[in-house]
Amino acid sequence: MFPFPRVVRAFVAALIAVLVGSMGLAAPAAAQVDQCAPPGIESASALPTNLAKAATGPGADRYTTSSVKPLDSIDINALRLSTPGTLTVGTLSDAPPSICIDTAGQFTGFDNELLRAIADRLGLKINFVGTEFSGLLAQVAARRFDVGSSSITTTDARRQTVGFTNGYDFGYFSLVVPGGSPIKGFGDLAPGQRIGVVQGTVQESYVIDTLHLQPVKFPDYNTVYASLKTRQIDAWVAPSQQASGTVQPGDPAQIIENTFSLDNFVAWAVAKENQPLIDALNSGLDAIIADGTWSRLYTDWVPRALPPGWKPGSKAAPAPQLPDFNAIAAENQQSAPAAAAPKSTLSQLKDAFLNWDLYKQAIPDLLKTGLPNTVILTVCAAVIGLVLGMALAVAGISRHRWLRWPARVYTDIFRGLPEVVIILLIGLGVGPIVGGLTGNNPYPLGIAALGLMAAAYVGEIFRSGIQSVEPGQLEASRALGFSYPSSMRLVVVPQGVRRVLPALMNQFISLLKASSLVYFLGLIANQRELFQVGRDLNAQTGNLSPLVAAGLFYLLLTIPLTHLVNFIDSRLRRGRPPGEEDPLELSTSQEMI
Amino acid sequence: MTKPVEPVSLSARDIHLSFGPNAVLRGVDIDVPAGTTAAVIGPSGSGKSTLLRTLNRLYEPDSGDILLDGRSVLADSPDQLRQRIGMVFQHFNLFPHRSVLDNVTLAPRKLKRLDADAARELGLAQLDRVGLRHKAEVRPSTLSGGQQQRVAIARALAMAPQVMFFDEATSALDPELVKGILALIADLGADGMTMVVVTHEMGFAQSTSDAVVFMDHGKVVETGPPDRVFGAAETDRLKRFLSQVL
């Protein structure tokens with residue numbers, strides 16, 4: 001390889017020193033914030049006061065089954081699971097306490113622990129796979145996952161895509177506002193205010209359809225809450241589980257009012273046509289309600305008073321026995337210490353970005369899980385991109401229309417589509433077709449999607465390189481007796497590729513960054529790449545430091561590459577002697593004898 | 001050292017070639033007997049370089065015939081034909097990503113399947129012939145223009161061609177380097193190579209060629225032995241051209 005210039009080496013050394021040093025120099029561990037642990041009964045909350053909208057909710061329930069099949073009549077071989085004997089569950093990592101990933105890298109939360117108990121009663125193994133909400137229901141419908149578990153409220157719109165089990169939870173909405181806000185309740189929300197919601201959630205439709213306001217949409221709960229804390233939005237309409245899990249004492253924000261979910265309950269999503277699995281999960285749910293497991297987990301994870309008239313499971317399920325949360329909440333209210341003093345904006349920022357403890361916590365995972373996966377994804381996709389890109393480049397300059405046109409169309413499509421769209425198209429569109437080959441593992445599909453995308457760019461880079469080679473080179477090679485393909489292979493392409501090495505390296509860096517998008521396809525915990533490792537820890541803690549740590553790892557990879565590019569570039573420039581450039585000027589002066 | 005090459009005759013009959021609406025060659029006839037040198041002269045744009053590239057079928061003629069050793073070559077593969085005709089370009093067109101020796105041995109190795117040792121021996125012999133054996137391992141870009149053109153000549157000769165084409169081979173050279181290259185070309189002619197030399201060097205055409213071909217507007221206007229062409233031009237166009245360049 002090329003020797004690194006000294007300045008690059010020094011820079012990399014410094015970067016590593018910062019990373020390593022941050023582990024040793026970290027302040028004595030403050031109590032670790034883990035939002036993905038059961039908060040316990042002490043955190044119980046009473047029935048919210050504003051429940052006026054509840055009348056159209058469970059009262060109008062058309063979907064809860066009147067009874068369930070006996071548990072012992074369920075044939076687990078008839079459930080049409082993607083992996084027989086194992087329940088494959090698509091879930092998210094960022095919505096504690098309902099669904100989250102804990103410090104040990106395990107998917108957990110109230111919803112997932114319930115599901116684990118049900119799988120246990122049914123005699124099934126359970127396997128959790130992290131994904132994005134935007135792709136979850138489609139992946140359940142496509143049978144990539146047997147079950148979607150993500151506090152999904154069962155709206156009619158969603159029932160068009162997937163089927164649902166009976167309800168195991170219900171949804172309050174919470175209104176969260178920054179400290180000192182003039183907004184005191186849902187009634188104060190008005191046009192012109194920036195009201196944050198997470199895209200594609202029931203809260204979004206609540207704000208649009210019921211409140212008739214235009215919300216500001218965010219991709220996930222952490223981003224919307226971070227925006228609220230920094231007062232970039234005026235209010236956040238949140239699922240109350242997420243709100244109570246996220247808003248910490250001392251934060252410059254508070255939950256000021258709750259309301260009840262307009263209609264329907266929270267349930268697990270299952271492919272519509274897989275009724276045997278829906279029946280089995282319903283039986284299991286009733287069974288764990290009857291034996292007290294539901295009550296225990298509910299009390300541990302999401303202790304709230306049940307809304308009047310609602311209970312989990314089928315209509316035949318027994319009412320769960322729960323402690324009197326109203327009384328516990330009232331007691332806690334009295335004994336609760338005065339709210340912690342609000343922190344200054346500067347210390348808020350420092351907490352959010354520069355929490356050394358979290359750096360220390362993040363780095364081993366980033367190093368052991370994130371870094372290898374990012375490198376594998378990028379390198380494999382780069383190989384596909386180079387091979388296919390070269391084919392596209394050669395076809396693109398062919399004299400034959402039937403080679404040139406497909407290459408052109410391919411390049412236009414794959415270069416013109418956003419990366420996320422390509423990844424979802426390949427992962428969710430092609431995934432089910434090749435499911436037998438890949439074992440429904442999205443990892444190779446992610447590599448394929450990244451590779452196909454890179455090929456379009458790489459092909460254009462190669463093409464420009466090849467076309468920049470002087471026509472005289474091809475002419476000289478053909479005059480020696482080489483065929484066109486041999487001339488391209490031996491003479492033109494090697495020169496063209498040399499010229500575009502810097503551009504190729506830039507493309508490689510883009511690919512490195514784009515590799516984070518593979519998470520849209522759903523990866524198990526040890527398949528996560530750098531960004532997702534950082535993001536999961538960010539979701540557990542609500543703190544942005546793990547993301548910054550992940551960012552440093554990207555820099556660790558990209559900065560040396562960038563400098564390598566510059567080095568190669570200048571070497572190629574210096575390597576060309578003056579005078580060779582323009583021999584034409586001389587040719588006019590000496591035609592005479 | 002010099003490869004025993006059977007020199008062959010080269011002829012063209014009524015060659016026509018158009019690029020789109022532009023007729024570049026408009027019925028060219030040429031006869032180069034085996035072992036002789038034809039110098040092609042004429043103003044810029046008269047079709048001299050295009051004629052060379054048509055004779056070795058880098059451009060396919062629209063009509064007409066090309067004969068090598070009295071036999072038409074149009075039915076054969078053009079790649080086969082070009083292996084029999086060496087070509088040297090104005091701008092050398094050496095392969096900058098390969099060493100001087102590799103430039104010379106690439107075609108014999110890949111096209112004649114010579115093994116590495118035989119190719120190396122052949123390449124060094126050809127470099128010896130042009131006086132550049134000591135530069136075998138360097139990149140062409142480190143050489144002077146005259147040296148690069150010598151390598152280009154060695155590269156063409158390594159395929160043991162039956163005919164050599166030179167396309168303004170000295171036009172891109174510094175004046176002090178021109179003489180050496182012309183002497184090298186003259187030596188090849190003296191060794192009995194059949195050659196077509198497109199040139200602006202009138203002194204060279206006069207002293208070294210067996211026949212001079214004057215082209216203008218895509219046609220051969222006048223042809224004959226050098227003494228007659230330069231001493232007793234028949235057409236006005238040739239007289240005007242000579243008065244401009246001499």
# chains A, B, ... in the order shown; residues from 1 in each chain; ligands from 1
>>> select_by_dssp(residues="stretch 9-160 of chain B", states="strand (DSSP E)", output="PyMOL selection string")
chain B and resi 10-19+22-32+37-41+63-68+71-72+85-88
>>> residues_around(residues="stretch 244-254 of chain A", least_positions_apart="6", cutoff="9 Å", atoms="only C-alpha atoms", output="PDB file with N, CA and C atoms, in the first residue's frame")
ATOM      1  N   GLN A  35     -33.408   3.357  30.165  1.00  0.00           N
ATOM      2  CA  GLN A  35     -34.846   3.499  29.998  1.00  0.00           C
ATOM      3  C   GLN A  35     -35.491   2.173  29.666  1.00  0.00           C
ATOM      4  N   CYS A  36     -34.656   1.157  29.395  1.00  0.00           N
ATOM      5  CA  CYS A  36     -35.210  -0.127  29.006  1.00  0.00           C
ATOM      6  C   CYS A  36     -35.207  -1.112  30.170  1.00  0.00           C
ATOM      7  N   PRO A  39     -39.864   0.001  35.198  1.00  0.00           N
ATOM      8  CA  PRO A  39     -39.833   1.082  36.182  1.00  0.00           C
ATOM      9  C   PRO A  39     -40.410   0.664  37.531  1.00  0.00           C
ATOM     10  N   ALA A  95     -38.700   2.490  21.854  1.00  0.00           N
ATOM     11  CA  ALA A  95     -39.917   2.972  22.484  1.00  0.00           C
ATOM     12  C   ALA A  95     -40.127   2.343  23.856  1.00  0.00           C
ATOM     13  N   PRO A  96     -39.200   2.594  24.791  1.00  0.00           N
ATOM     14  CA  PRO A  96     -39.396   2.057  26.133  1.00  0.00           C
ATOM     15  C   PRO A  96     -40.601   2.725  26.797  1.00  0.00           C
ATOM     16  N   PRO A  97     -41.273   2.111  27.731  1.00  0.00           N
ATOM     17  CA  PRO A  97     -40.994   0.758  28.250  1.00  0.00           C
ATOM     18  C   PRO A  97     -41.710  -0.341  27.474  1.00  0.00           C
ATOM     19  N   SER A  98     -42.372   0.003  26.374  1.00  0.00           N
ATOM     20  CA  SER A  98     -43.145  -1.031  25.673  1.00  0.00           C
ATOM     21  C   SER A  98     -42.243  -1.944  24.866  1.00  0.00           C
ATOM     22  N   SER A 174     -50.298  11.281  25.560  1.00  0.00           N
ATOM     23  CA  SER A 174     -49.857  12.311  26.499  1.00  0.00           C
ATOM     24  C   SER A 174     -49.495  13.548  25.716  1.00  0.00           C
ATOM     25  N   LEU A 175     -49.765  14.699  26.312  1.00  0.00           N
ATOM     26  CA  LEU A 175     -49.326  15.950  25.724  1.00  0.00           C
ATOM     27  C   LEU A 175     -48.105  16.410  26.517  1.00  0.00           C
ATOM     28  N   VAL A 176     -46.969  16.485  25.836  1.00  0.00           N
ATOM     29  CA  VAL A 176     -45.723  16.887  26.495  1.00  0.00           C
ATOM     30  C   VAL A 176     -45.346  18.266  25.969  1.00  0.00           C
ATOM     31  N   VAL A 177     -45.020  19.178  26.907  1.00  0.00           N
ATOM     32  CA  VAL A 177     -44.640  20.538  26.493  1.00  0.00           C
ATOM     33  C   VAL A 177     -43.368  20.936  27.227  1.00  0.00           C
ATOM     34  N   PRO A 178     -42.625  21.895  26.721  1.00  0.00           N
ATOM     35  CA  PRO A 178     -41.450  22.384  27.437  1.00  0.00           C
ATOM     36  C   PRO A 178     -41.870  23.093  28.717  1.00  0.00           C
ATOM     37  N   GLY A 179     -40.968  23.136  29.716  1.00  0.00           N
ATOM     38  CA  GLY A 179     -41.273  23.821  30.967  1.00  0.00           C
ATOM     39  C   GLY A 179     -41.687  25.261  30.708  1.00  0.00           C
ATOM     40  N   GLY A 180     -42.723  25.704  31.424  1.00  0.00           N
ATOM     41  CA  GLY A 180     -43.157  27.091  31.312  1.00  0.00           C
ATOM     42  C   GLY A 180     -43.951  27.396  30.070  1.00  0.00           C
ATOM     43  N   SER A 181     -44.422  26.369  29.371  1.00  0.00           N
ATOM     44  CA  SER A 181     -45.187  26.610  28.150  1.00  0.00           C
ATOM     45  C   SER A 181     -46.572  27.158  28.486  1.00  0.00           C
ATOM     46  N   TYR A 221     -38.992   8.623  18.265  1.00  0.00           N
ATOM     47  CA  TYR A 221     -39.359   9.299  19.510  1.00  0.00           C
ATOM     48  C   TYR A 221     -38.213  10.125  20.090  1.00  0.00           C
ATOM     49  N   ASN A 222     -36.995   9.624  19.934  1.00  0.00           N
ATOM     50  CA  ASN A 222     -35.872  10.362  20.525  1.00  0.00           C
ATOM     51  C   ASN A 222     -35.671  11.709  19.866  1.00  0.00           C
ATOM     52  N   TYR A 225     -38.345  14.163  20.969  1.00  0.00           N
ATOM     53  CA  TYR A 225     -38.173  14.642  22.339  1.00  0.00           C
ATOM     54  C   TYR A 225     -36.968  15.584  22.439  1.00  0.00           C
ATOM     55  N   LEU A 228     -38.084  18.838  21.349  1.00  0.00           N
ATOM     56  CA  LEU A 228     -38.936  19.512  22.337  1.00  0.00           C
ATOM     57  C   LEU A 228     -38.070  20.144  23.425  1.00  0.00           C
ATOM     58  N   LYS A 229     -37.076  19.381  23.890  1.00  0.00           N
ATOM     59  CA  LYS A 229     -36.228  19.892  24.974  1.00  0.00           C
ATOM     60  C   LYS A 229     -35.471  21.143  24.544  1.00  0.00           C
ATOM     61  N   THR A 230     -35.094  21.207  23.277  1.00  0.00           N
ATOM     62  CA  THR A 230     -34.381  22.395  22.800  1.00  0.00           C
ATOM     63  C   THR A 230     -35.351  23.432  22.244  1.00  0.00           C
ATOM     64  N   ALA A 339     -39.805  19.001  42.269  1.00  0.00           N
ATOM     65  CA  ALA A 339     -39.120  18.703  41.009  1.00  0.00           C
ATOM     66  C   ALA A 339     -37.706  19.275  41.029  1.00  0.00           C
ATOM     67  N   ALA A 340     -36.757  18.526  40.446  1.00  0.00           N
ATOM     68  CA  ALA A 340     -35.376  18.998  40.413  1.00  0.00           C
ATOM     69  C   ALA A 340     -35.304  20.329  39.668  1.00  0.00           C
ATOM     70  N   ALA A 341     -34.325  21.138  40.070  1.00  0.00           N
ATOM     71  CA  ALA A 341     -34.192  22.447  39.429  1.00  0.00           C
ATOM     72  C   ALA A 341     -33.878  22.256  37.954  1.00  0.00           C
ATOM     73  N   PRO A 342     -34.505  23.039  37.087  1.00  0.00           N
ATOM     74  CA  PRO A 342     -34.215  22.899  35.672  1.00  0.00           C
ATOM     75  C   PRO A 342     -32.760  23.233  35.374  1.00  0.00           C
ATOM     76  N   LYS A 343     -32.175  22.513  34.426  1.00  0.00           N
ATOM     77  CA  LYS A 343     -30.761  22.727  34.101  1.00  0.00           C
ATOM     78  C   LYS A 343     -30.629  23.805  33.037  1.00  0.00           C
ATOM     79  N   GLN A 348     -27.577  21.173  29.533  1.00  0.00           N
ATOM     80  CA  GLN A 348     -28.427  20.234  28.796  1.00  0.00           C
ATOM     81  C   GLN A 348     -27.680  19.678  27.591  1.00  0.00           C
ATOM     82  N   THR A 541     -31.110   5.269  26.385  1.00  0.00           N
ATOM     83  CA  THR A 541     -30.738   6.273  27.364  1.00  0.00           C
ATOM     84  C   THR A 541     -31.329   7.632  27.065  1.00  0.00           C
ATOM     85  N   GLY A 542     -31.829   7.813  25.870  1.00  0.00           N
ATOM     86  CA  GLY A 542     -32.336   9.123  25.493  1.00  0.00           C
ATOM     87  C   GLY A 542     -31.230  10.144  25.349  1.00  0.00           C
TER      88      GLY A 542
END
>>> closest_atom_pairs(of="chain B", to="chain A", cutoff="9 Å", atoms="only C-alpha atoms", output="CSV")
residue,atom,partner,partner_atom,distance
B:Arg53,CA,A:Ala479,CA,8.8
B:Asn56,CA,A:Ala479,CA,7.7
B:Arg57,CA,A:Ala479,CA,8.9
B:Leu58,CA,A:Ala479,CA,7.2
B:Pro78,CA,A:Gly481,CA,7.9
B:Asp79,CA,A:Gly481,CA,4.6
B:Gln80,CA,A:Gly481,CA,6.4
B:Leu81,CA,A:Gly481,CA,7.4
B:Arg82,CA,A:Gly481,CA,4.8
B:Gln83,CA,A:Gly481,CA,4.6
B:Arg84,CA,A:Gly481,CA,8.2
B:Ile85,CA,A:Ala479,CA,7.9
B:Gly86,CA,A:Leu480,CA,6.7
B:Met87,CA,A:Ala479,CA,6.4
B:Val88,CA,A:Ala476,CA,8.2
B:Phe89,CA,A:Ala476,CA,7.9
B:Gln90,CA,A:Ser587,CA,8.9
B:His91,CA,A:Pro583,CA,7.3
B:Phe92,CA,A:Ala476,CA,8.5
B:Asn93,CA,A:Gln473,CA,5.6
B:Leu94,CA,A:Gln473,CA,7.3
B:Phe95,CA,A:Gln473,CA,6.8
B:Pro96,CA,A:Gln495,CA,8.0
B:His97,CA,A:Gln495,CA,6.5
B:Leu106,CA,A:Leu490,CA,8.9
B:Ala107,CA,A:Leu480,CA,6.6
B:Lys110,CA,A:Phe482,CA,8.6
B:Leu111,CA,A:Phe482,CA,7.4
B:Ser141,CA,A:Pro577,CA,6.7
B:Thr142,CA,A:Pro577,CA,7.3
B:Gly145,CA,A:Glu580,CA,8.5
B:Arg155,CA,A:Leu480,CA,8.5
B:Ala156,CA,A:Leu480,CA,6.9
B:Met159,CA,A:Leu480,CA,7.7
B:Thr170,CA,A:Ser587,CA,8.2
B:Ser171,CA,A:Ser587,CA,4.8
B:Ala172,CA,A:Ser587,CA,4.4
B:Leu173,CA,A:Ser587,CA,6.8
B:Asp174,CA,A:Leu586,CA,6.8
B:Pro175,CA,A:Gln590,CA,6.3
B:Val178,CA,A:Gln590,CA,8.9
B:Thr199,CA,A:Glu591,CA,8.6
B:His200,CA,A:Glu591,CA,5.4
B:Glu201,CA,A:Ile593,CA,5.8
B:Met202,CA,A:Ile593,CA,6.4
B:Gly203,CA,A:Ile593,CA,5.7
B:Phe204,CA,A:Ile593,CA,8.0
B:Val245,CA,A:Met592,CA,6.9
B:Leu246,CA,A:Met592,CA,7.4
>>> select_by_dssp(residues="stretch 99-324 of chain A", states="helix (DSSP H, G or I)", output="mmCIF file with C-alpha atoms, in the first residue's frame")
data_model
loop_
_atom_site.group_PDB
_atom_site.id
_atom_site.type_symbol
_atom_site.label_atom_id
_atom_site.label_comp_id
_atom_site.auth_asym_id
_atom_site.auth_seq_id
_atom_site.Cartn_x
_atom_site.Cartn_y
_atom_site.Cartn_z
ATOM 1 C CA PHE A 110 -43.671 -4.913 28.228
ATOM 2 C CA ASP A 111 -44.945 -6.010 24.804
ATOM 3 C CA ASN A 112 -42.033 -8.307 24.117
ATOM 4 C CA GLU A 113 -41.993 -9.848 27.609
ATOM 5 C CA LEU A 114 -45.711 -10.664 27.232
ATOM 6 C CA LEU A 115 -44.963 -12.250 23.884
ATOM 7 C CA ARG A 116 -42.086 -14.217 25.374
ATOM 8 C CA ALA A 117 -44.464 -15.579 28.076
ATOM 9 C CA ILE A 118 -47.050 -16.530 25.438
ATOM 10 C CA ALA A 119 -44.434 -18.267 23.271
ATOM 11 C CA ASP A 120 -43.382 -20.140 26.373
ATOM 12 C CA ARG A 121 -46.949 -21.299 27.025
ATOM 13 C CA LEU A 122 -47.283 -22.387 23.400
ATOM 14 C CA PHE A 133 -41.617 1.089 12.071
ATOM 15 C CA SER A 134 -42.012 2.328 8.505
ATOM 16 C CA GLY A 135 -41.219 -1.135 7.190
ATOM 17 C CA LEU A 136 -42.641 -3.265 10.020
ATOM 18 C CA LEU A 137 -46.225 -3.906 8.865
ATOM 19 C CA ALA A 138 -45.135 -4.538 5.270
ATOM 20 C CA GLN A 139 -42.580 -7.044 6.502
ATOM 21 C CA VAL A 140 -45.228 -8.789 8.628
ATOM 22 C CA ALA A 141 -47.605 -8.915 5.652
ATOM 23 C CA ASP A 156 -58.836 0.257 10.405
ATOM 24 C CA ALA A 157 -56.209 1.528 7.982
ATOM 25 C CA ARG A 158 -53.666 -0.893 9.386
ATOM 26 C CA ARG A 159 -56.169 -3.780 9.320
ATOM 27 C CA PHE A 186 -55.046 19.479 24.335
ATOM 28 C CA GLY A 187 -57.603 22.297 24.190
ATOM 29 C CA ASP A 188 -54.830 24.905 23.897
ATOM 30 C CA VAL A 202 -51.793 6.993 15.647
ATOM 31 C CA GLN A 203 -50.821 10.302 17.240
ATOM 32 C CA GLU A 204 -50.187 11.718 13.790
ATOM 33 C CA SER A 205 -53.692 10.832 12.634
ATOM 34 C CA TYR A 206 -55.098 12.107 15.939
ATOM 35 C CA VAL A 207 -53.539 15.543 15.405
ATOM 36 C CA ILE A 208 -54.593 15.705 11.754
ATOM 37 C CA ASP A 209 -58.040 14.078 11.841
ATOM 38 C CA THR A 210 -59.337 14.926 15.293
ATOM 39 C CA TYR A 221 -39.359 9.299 19.510
ATOM 40 C CA ASN A 222 -35.872 10.362 20.525
ATOM 41 C CA THR A 223 -35.595 12.983 17.841
ATOM 42 C CA VAL A 224 -38.979 14.487 18.617
ATOM 43 C CA TYR A 225 -38.173 14.642 22.339
ATOM 44 C CA ALA A 226 -34.738 16.145 21.721
ATOM 45 C CA SER A 227 -36.428 18.799 19.586
ATOM 46 C CA LEU A 228 -38.936 19.512 22.337
ATOM 47 C CA LYS A 229 -36.228 19.892 24.974
ATOM 48 C CA SER A 240 -48.235 7.873 27.072
ATOM 49 C CA GLN A 241 -46.001 4.833 27.643
ATOM 50 C CA GLN A 242 -43.265 6.508 25.617
ATOM 51 C CA ALA A 243 -43.865 9.874 27.243
ATOM 52 C CA SER A 244 -43.624 8.533 30.792
ATOM 53 C CA GLY A 245 -40.612 6.412 29.828
ATOM 54 C CA THR A 246 -38.784 9.266 28.159
ATOM 55 C CA GLN A 275 -55.513 -17.100 11.227
ATOM 56 C CA PRO A 276 -54.060 -20.180 13.016
ATOM 57 C CA LEU A 277 -51.271 -18.006 14.443
ATOM 58 C CA ILE A 278 -53.703 -15.249 15.473
ATOM 59 C CA ASP A 279 -55.848 -17.880 17.232
ATOM 60 C CA ALA A 280 -52.816 -19.361 18.963
ATOM 61 C CA LEU A 281 -51.581 -15.995 20.227
ATOM 62 C CA ASN A 282 -55.107 -15.135 21.459
ATOM 63 C CA SER A 283 -55.247 -18.424 23.383
ATOM 64 C CA GLY A 284 -51.815 -17.777 24.837
ATOM 65 C CA LEU A 285 -52.782 -14.231 25.836
ATOM 66 C CA ASP A 286 -55.891 -15.419 27.679
ATOM 67 C CA ALA A 287 -53.784 -18.092 29.373
ATOM 68 C CA ILE A 288 -51.228 -15.644 30.748
ATOM 69 C CA ILE A 289 -54.018 -13.306 31.865
ATOM 70 C CA ALA A 290 -55.620 -16.191 33.748
ATOM 71 C CA THR A 293 -48.456 -13.255 34.273
ATOM 72 C CA TRP A 294 -50.068 -10.349 32.426
ATOM 73 C CA SER A 295 -50.813 -8.542 35.735
ATOM 74 C CA ARG A 296 -47.268 -9.073 36.976
ATOM 75 C CA LEU A 297 -45.621 -7.760 33.801
ATOM 76 C CA TYR A 298 -48.118 -4.901 33.562
ATOM 77 C CA THR A 299 -47.381 -3.846 37.125
ATOM 78 C CA ASP A 300 -43.624 -4.063 36.501
ATOM 79 C CA TRP A 301 -43.440 -2.266 33.195
#
>>> atom_distance(atom1="atom CA of B:Phe166", atom2="atom CA of B:Pro43")
16.6 Å
>>> residues_around(residues="stretch 214-223 of chain B", least_positions_apart="6", cutoff="7 Å", atoms="only C-alpha atoms", output="JSON list (two decimals) with C-alpha atoms, in the first residue's frame")
[["chain", "number", "residue", "atom", "x", "y", "z"],
["B", 24, "VAL", "CA", -12.97, 12.00, -47.33],
["B", 25, "LEU", "CA", -11.60, 9.53, -49.88],
["B", 26, "ARG", "CA", -13.03, 9.83, -53.36],
["B", 27, "GLY", "CA", -11.61, 7.00, -55.43],
["B", 28, "VAL", "CA", -8.02, 6.46, -54.38],
["B", 40, "VAL", "CA", 2.41, 10.37, -49.44],
["B", 41, "ILE", "CA", 2.40, 14.17, -49.46],
["B", 42, "GLY", "CA", -0.33, 16.77, -49.67],
["B", 43, "PRO", "CA", -1.95, 19.65, -47.80],
["B", 46, "SER", "CA", -6.29, 16.01, -48.13],
["B", 47, "GLY", "CA", -7.03, 12.52, -46.71],
["B", 48, "LYS", "CA", -3.45, 11.21, -46.26],
["B", 229, "VAL", "CA", 7.30, 14.85, -58.88]]
>>> residues_around(residues="B:Gly146", least_positions_apart="3", cutoff="7 Å", atoms="only C-alpha atoms", output="ChimeraX atom specification")
/B:149-150,173,177,181
>>> closest_residue(among="B:Ser11, B:Gln147, B:Ser99, B:Thr105", to="B:Ala118", atoms="only C-alpha atoms")
B:Thr105
>>> residues_around(residues="A:Pro191", least_positions_apart="5", cutoff="9 Å", atoms="only C-alpha atoms", output="MDAnalysis selection string")
chainID A and resid 212:214
>>> closest_residue(among="B:Ala39, B:Ala12, B:Gln126, B:Ala23", to="B:Thr54", atoms="only C-alpha atoms")
B:Ala12
>>> atom_distance(atom1="atom CA of B:Asp31", atom2="atom CA of B:Phe19")
24.5 Å
>>> atom_distance(atom1="atom CA of A:Gly196", atom2="atom CA of A:Asp234")
7.7 Å
>>> decode(residues="stretch 128-142 of chain B", atoms="N, CA and C atoms", output="mmCIF file, in the first residue's frame")
data_model
loop_
_atom_site.group_PDB
_atom_site.id
_atom_site.type_symbol
_atom_site.label_atom_id
_atom_site.label_comp_id
_atom_site.auth_asym_id
_atom_site.auth_seq_id
_atom_site.Cartn_x
_atom_site.Cartn_y
_atom_site.Cartn_z
ATOM 1 N N ASP B 128 17.151 -2.931 -29.104
ATOM 2 C CA ASP B 128 18.536 -2.794 -29.566
ATOM 3 C C ASP B 128 18.575 -2.124 -30.931
ATOM 4 N N ARG B 129 17.685 -2.573 -31.773
ATOM 5 C CA ARG B 129 17.629 -2.098 -33.150
ATOM 6 C C ARG B 129 17.395 -0.592 -33.191
ATOM 7 N N VAL B 130 16.612 -0.070 -32.216
ATOM 8 C CA VAL B 130 16.372 1.376 -32.197
ATOM 9 C C VAL B 130 17.250 2.073 -31.158
ATOM 10 N N GLY B 131 18.198 1.314 -30.570
ATOM 11 C CA GLY B 131 19.173 1.910 -29.671
ATOM 12 C C GLY B 131 18.646 2.241 -28.285
ATOM 13 N N LEU B 132 17.639 1.517 -27.805
ATOM 14 C CA LEU B 132 17.058 1.867 -26.503
ATOM 15 C C LEU B 132 16.976 0.678 -25.546
ATOM 16 N N ARG B 133 17.862 -0.275 -25.726
ATOM 17 C CA ARG B 133 17.827 -1.440 -24.852
ATOM 18 C C ARG B 133 17.958 -1.041 -23.383
ATOM 19 N N HIS B 134 18.743 -0.010 -23.122
ATOM 20 C CA HIS B 134 18.977 0.401 -21.728
ATOM 21 C C HIS B 134 17.755 1.059 -21.093
ATOM 22 N N LYS B 135 16.731 1.363 -21.886
ATOM 23 C CA LYS B 135 15.518 1.989 -21.319
ATOM 24 C C LYS B 135 14.384 0.976 -21.166
ATOM 25 N N ALA B 136 14.695 -0.309 -21.261
ATOM 26 C CA ALA B 136 13.637 -1.323 -21.325
ATOM 27 C C ALA B 136 12.680 -1.259 -20.135
ATOM 28 N N GLU B 137 13.184 -0.953 -18.954
ATOM 29 C CA GLU B 137 12.347 -1.089 -17.762
ATOM 30 C C GLU B 137 11.640 0.203 -17.353
ATOM 31 N N VAL B 138 11.911 1.319 -18.019
ATOM 32 C CA VAL B 138 11.296 2.574 -17.563
ATOM 33 C C VAL B 138 9.929 2.761 -18.222
ATOM 34 N N ARG B 139 9.186 3.726 -17.678
ATOM 35 C CA ARG B 139 7.897 4.085 -18.270
ATOM 36 C C ARG B 139 8.138 5.017 -19.463
ATOM 37 N N PRO B 140 7.316 4.910 -20.493
ATOM 38 C CA PRO B 140 7.513 5.735 -21.688
ATOM 39 C C PRO B 140 7.528 7.234 -21.372
ATOM 40 N N SER B 141 6.775 7.651 -20.335
ATOM 41 C CA SER B 141 6.659 9.088 -20.075
ATOM 42 C C SER B 141 7.979 9.708 -19.646
ATOM 43 N N THR B 142 8.972 8.873 -19.262
ATOM 44 C CA THR B 142 10.260 9.430 -18.854
ATOM 45 C C THR B 142 11.196 9.629 -20.045
#
